[in-house]
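Worksheet: one structure, shown below.
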Amino acid sequence: MTALLPRPVGRQKEVLALPAAGHTVVLGTAGSGKTTLAIHRAAYLANPATDHGGRTLLVTFNKCLVAYLQALGAGLGKVDVRNYHHFARGYLANRGKMSNNAIASPNLAATYGQQAIDAVKQAGWNAHVFGLPIEFLVEEFQWLSQNGIRSADDYVDAEDDGRMGARVPQSERAAVFTAYEHYRVLRNANGKPYDWDDLAQTVVSEFANDSTRRFYKHVIIDEGQDFSPVMLQSLAAAIPADGSLTFFGDMAQQIYGHKISWRSAGLNVQDRDIWKFEQNYRNTKQIAQLALAIAKSRHYRGIADLVEPKSPTADGPPPALVGFKTEAEEMQFVAARAQKLAETGTVAVLFRDRELEQLLPRLVSVTPTRLHRELNAWPRGPGLFYGTYHSAKGLEFDSVLVPFASSTRLPHPPDVTAFGPDDAAARNTKLLYVAVTRAKSNLVITHTGNSTPLLPTTAGLLQRSQR
């Protein structure tokens, strides 16, 4: 096993020897070692010296995380580390169902979505939500695909349990589903049979008609809270009857679109098959206390299977919240501090969006590593990384800097426009939680003007200063 991978401790060791058949769910808080467990579990299940040994798929949602997992799990043998869409495209290609450029990009999907809405409005369908920003309707189309909704009646009857904010009223769902169907027709007519969200539906259908021997005996899902129910169904169908599926997830870090529970995927899981890990092994006590305060905000109420973290004993400096008069001064400070810290440890500068992340490279004299989907190899040793909150999912760094945590920037204004203030606040609070919990020992949050209202105001959680 690679020296980069921490050894399992305490109750973590018990997960490695769970039954090598059936479905198991492991829920843990940030820093509880889920990724460590996922890699160790993959090695255990793939071990050819055991009766249960067989080819194993270690799958995650974030493509950037794949490079990190591959570095940690080097030399695992018959373990394939993939992101979900790599797996899905490979399987569909093997079945003759995937051609070049068959998947509509998010921008193209939004274009077809708007055209579909315009067309059904001209046909006489009316709905208040048709007047909302296209991002709202595109995400609703994604939710329909992610949950395998196949008819207007199913959509009208669908429950909203766990979904954030105000969604489409039942009285308008027939109109929205008509637009969704027209969107799919438009997409297919333009040579795009799939988008990134309905790819899994075809995988499920293909497995239902596939009587050949399954390529994988075991599937390990890391960061499983980001997988849609249909994705999970497709992965459950990818293993034989004597195979296993192990789901690792943290509902507090569920940041992609609507909240969707793994329970709606229909996995064959009894209460005895659900394991929970509350101990935080990553963060210092001070960082963990801030993360816990964020997780106790009103935006986390009603989330199923939320695991409340236990504060670790490791001590460290309190997270810093530093204010500036201008954003230029703020970024100069962030760049200088990050470059200095990167001399002796791993440092990540995390941004809310891609546009802002472009500011960092021009302000440092070193070449930082960008966290993005095309990152193929994970750098070893100390260094400077930068990317979005989304791209840092599942990763950890000695130090993390979070710039632009200002009231004018967080919640993200486009989210407020598209989804309303409450929904936007909920989305961005969870993103902020992800960013904060990436830091092992040193966390610096900066802002210009007033700080974001998404941060807790409890005294002592943050060391506040003004430059």
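Convention: chains lettered A, B, ... in structure tokens order; per-chain residue numbering from 1; ligands numbered from 1 as shown.
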* Just list the residues in range 236-421 of chain A DSSP gives alpha helix (DSSP H) on the backbone, as a VMD selection string. => chain A and resid 236 285 to 295 327 to 341 354 to 357 413 to 419 421
* **Residues near range 323-336 of chain A, cut-off 6 Å, only C-alpha atoms, skip fewer than 4 positions along chain, as a ChimeraX atom specification** => /A:446-448,466-467
Might you pull out every residue within 6 Å of range 212-225 of chain A, with only C-alpha atoms counted and same-chain residues fewer than 4 positions away left off, and present them as a CSV table (one decimal) with N, CA and C atoms, in the first residue's frame?
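Final output, saved to out23.csv:
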```csv
chain,number,residue,atom,x,y,z
A,54,GLY,N,-12.1,-9.9,-6.5
A,54,GLY,CA,-12.5,-9.7,-7.9
A,54,GLY,C,-12.3,-8.3,-8.3
A,55,ARG,N,-12.4,-8.0,-9.6
A,55,ARG,CA,-12.2,-6.7,-10.1
A,55,ARG,C,-13.1,-5.7,-9.4
A,56,THR,N,-12.6,-4.6,-9.0
A,56,THR,CA,-13.3,-3.6,-8.2
A,56,THR,C,-13.3,-2.2,-8.9
A,57,LEU,N,-14.4,-1.6,-8.8
A,57,LEU,CA,-14.5,-0.2,-9.3
A,57,LEU,C,-14.6,0.7,-8.2
A,58,LEU,N,-13.7,1.7,-8.1
A,58,LEU,CA,-13.7,2.7,-7.1
A,58,LEU,C,-14.1,4.0,-7.8
A,59,VAL,N,-15.3,4.4,-7.6
A,59,VAL,CA,-15.9,5.5,-8.4
A,59,VAL,C,-16.3,6.7,-7.6
A,60,THR,N,-16.1,7.9,-8.1
A,60,THR,CA,-16.5,9.1,-7.5
A,60,THR,C,-17.1,10.0,-8.5
A,239,ILE,N,-22.9,-5.0,-10.8
A,239,ILE,CA,-22.3,-6.1,-10.1
A,239,ILE,C,-23.2,-7.4,-10.2
A,243,GLY,N,-21.8,-10.1,-5.8
A,243,GLY,CA,-20.9,-9.0,-5.6
A,243,GLY,C,-21.3,-8.0,-4.5
A,244,SER,N,-20.6,-6.9,-4.4
A,244,SER,CA,-20.9,-6.0,-3.3
A,244,SER,C,-20.9,-4.5,-3.8
A,245,LEU,N,-21.7,-3.7,-3.1
A,245,LEU,CA,-21.7,-2.2,-3.4
A,245,LEU,C,-21.5,-1.6,-2.0
A,246,THR,N,-20.5,-0.7,-1.9
A,246,THR,CA,-20.3,0.0,-0.6
A,246,THR,C,-20.4,1.5,-0.9
A,247,PHE,N,-21.3,2.2,-0.3
A,247,PHE,CA,-21.5,3.6,-0.5
A,247,PHE,C,-20.9,4.4,0.7
A,248,PHE,N,-20.0,5.3,0.4
A,248,PHE,CA,-19.4,6.2,1.4
A,248,PHE,C,-19.9,7.6,1.1
A,249,GLY,N,-20.5,8.3,2.1
A,249,GLY,CA,-21.0,9.6,1.8
A,249,GLY,C,-21.2,10.5,3.1
A,251,MET,N,-23.8,13.6,3.9
A,251,MET,CA,-24.9,14.5,3.5
A,251,MET,C,-24.7,16.0,3.7
A,254,GLN,N,-23.4,17.6,0.4
A,254,GLN,CA,-24.2,17.4,-0.8
A,254,GLN,C,-24.4,18.8,-1.5
```
Which range 315-380 of chain A residues have any atom within 9 Å of an atom of range 422-444 of chain A, and for each, what is the nearest pair of atoms with distance in Å to one decimal, counting only C-alpha atoms, rows sorted by chain and number, as a Markdown table?
```
| residue | atom | partner | partner_atom | distance |
| --- | --- | --- | --- | --- |
| A:Asp315 | CA | A:Ser441 | CA | 8.3 |
| A:Gly316 | CA | A:Ser441 | CA | 6.1 |
| A:Pro317 | CA | A:Asn442 | CA | 6.8 |
| A:Pro318 | CA | A:Leu443 | CA | 7.8 |
| A:Pro319 | CA | A:Leu443 | CA | 4.9 |
| A:Ala320 | CA | A:Val444 | CA | 4.7 |
| A:Leu321 | CA | A:Val444 | CA | 6.2 |
| A:Val322 | CA | A:Val444 | CA | 7.5 |
| A:Val334 | CA | A:Val444 | CA | 8.7 |
| A:Val347 | CA | A:Ala439 | CA | 8.6 |
| A:Ala348 | CA | A:Ala439 | CA | 8.4 |
| A:Leu350 | CA | A:Ala435 | CA | 6.9 |
| A:Phe351 | CA | A:Ala435 | CA | 8.7 |
| A:Arg352 | CA | A:Leu431 | CA | 8.1 |
```
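Note that the spacing between CA of Gly148 in chain A and CA of Glu206 in chain A amounts to 14.3 Å.
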* Tell me, which residues of range 37-286 of chain A carry DSSP strand (DSSP E), written as a PyMOL selection string? -> chain A and resi 56-60+79-83+103-104+194-195+218-221+244-249+274-277
May I have the selected residues written with C-alpha atoms, as a CSV table (one decimal), in the first residue's frame?
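Heads up, here's the output in result_19.csv:
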```csv
chain,number,residue,atom,x,y,z
A,56,THR,CA,-13.3,-3.6,-8.2
A,57,LEU,CA,-14.5,-0.2,-9.3
A,58,LEU,CA,-13.7,2.7,-7.1
A,59,VAL,CA,-15.9,5.5,-8.4
A,60,THR,CA,-16.5,9.1,-7.5
A,79,VAL,CA,-9.0,-1.7,-8.8
A,80,ASP,CA,-10.1,0.8,-11.4
A,81,VAL,CA,-10.5,4.4,-10.2
A,82,ARG,CA,-13.0,6.3,-12.3
A,83,ASN,CA,-15.4,9.1,-12.1
A,103,ILE,CA,-23.4,14.4,-24.9
A,104,ALA,CA,-24.7,17.9,-24.8
A,194,TYR,CA,-27.6,12.5,-23.9
A,195,ASP,CA,-26.8,15.2,-21.4
A,218,HIS,CA,-17.4,-5.0,-6.4
A,219,VAL,CA,-18.2,-1.3,-6.5
A,220,ILE,CA,-17.0,1.3,-4.0
A,221,ILE,CA,-18.7,4.7,-4.2
A,244,SER,CA,-20.9,-6.0,-3.3
A,245,LEU,CA,-21.7,-2.2,-3.4
A,246,THR,CA,-20.3,0.0,-0.6
A,247,PHE,CA,-21.5,3.6,-0.5
A,248,PHE,CA,-19.4,6.2,1.4
A,249,GLY,CA,-21.0,9.6,1.8
A,274,ILE,CA,-25.6,1.4,7.8
A,275,TRP,CA,-22.4,2.5,9.5
A,276,LYS,CA,-21.8,6.0,10.9
A,277,PHE,CA,-18.5,7.7,11.7
```
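Using only C-alpha atoms, the shortest contact distance between Glu396 in chain A and any of A:Ala252, A:Gly31, A:His86, A:Leu16 is found at A:Gly31.
In terms of minimum interatomic distance to Val230 in chain A, A:Ala88 ranks closest within A:Ala88, A:Val129, A:Ala418, A:Ala338, counting only C-alpha atoms.
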Closest-contact table, range 368-440 of chain A side, partner range 135-145 of chain A, 10 Å, counting only C-alpha atoms, as a tab-separated table:
```
residue	atom	partner	partner_atom	distance
A:Pro414	CA	A:Glu135	CA	9.2
A:Asp415	CA	A:Glu135	CA	8.8
A:Thr417	CA	A:Glu135	CA	9.4
A:Ala418	CA	A:Phe136	CA	5.7
A:Phe419	CA	A:Phe136	CA	6.3
A:Gly420	CA	A:Phe136	CA	9.9
```
* To do: Measuring atom to atom with only C-alpha atoms, identify which of A:Val66, A:Ala265, A:Ala236, A:Ala20 is nearest to Thr50 in chain A.
  => A:Ala20
* To do: Extract, using only C-alpha atoms, all DNA, RNA and protein residues at most 8 Å from Gly383 in chain A, discarding same-chain residues fewer than 6 positions from it, and format them as a PyMOL selection string.
  => chain A and resi 342-347+368-369
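Comparing A:His299, A:His182, A:Arg167, A:Lys310 by their smallest distance to Thr29 in chain A, the closest is A:Lys310 (using only C-alpha atoms).
Neighbouring residues of Leu186 in chain A at 12 Å or closer, counting only C-alpha atoms and skipping chain neighbours under 2 positions away, are Ala104, Leu108, Ala109, Ala110, Thr111, Tyr112, Gly113, Gln114, Gln115, Ala116, Ile117, Ala119, Ala179, Tyr180, Glu181, His182, Tyr183, Arg184, Asn188, Ala189, Asn190, Gly191, Lys192, Pro193, Tyr194 and Asp195 of chain A.
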* Considering only C-alpha atoms, return as number ranges by chain whatever protein or nucleic-acid residues lie within 9 Å of Gln146 in chain A, sequence-local ones (same chain, fewer than 5 positions apart) excluded. => A: 141, 197-198, 200-201, 227-231, 260
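Rounded to one decimal, CA of Gln70 in chain A and CA of Gly394 in chain A lie 13.0 Å from each other.
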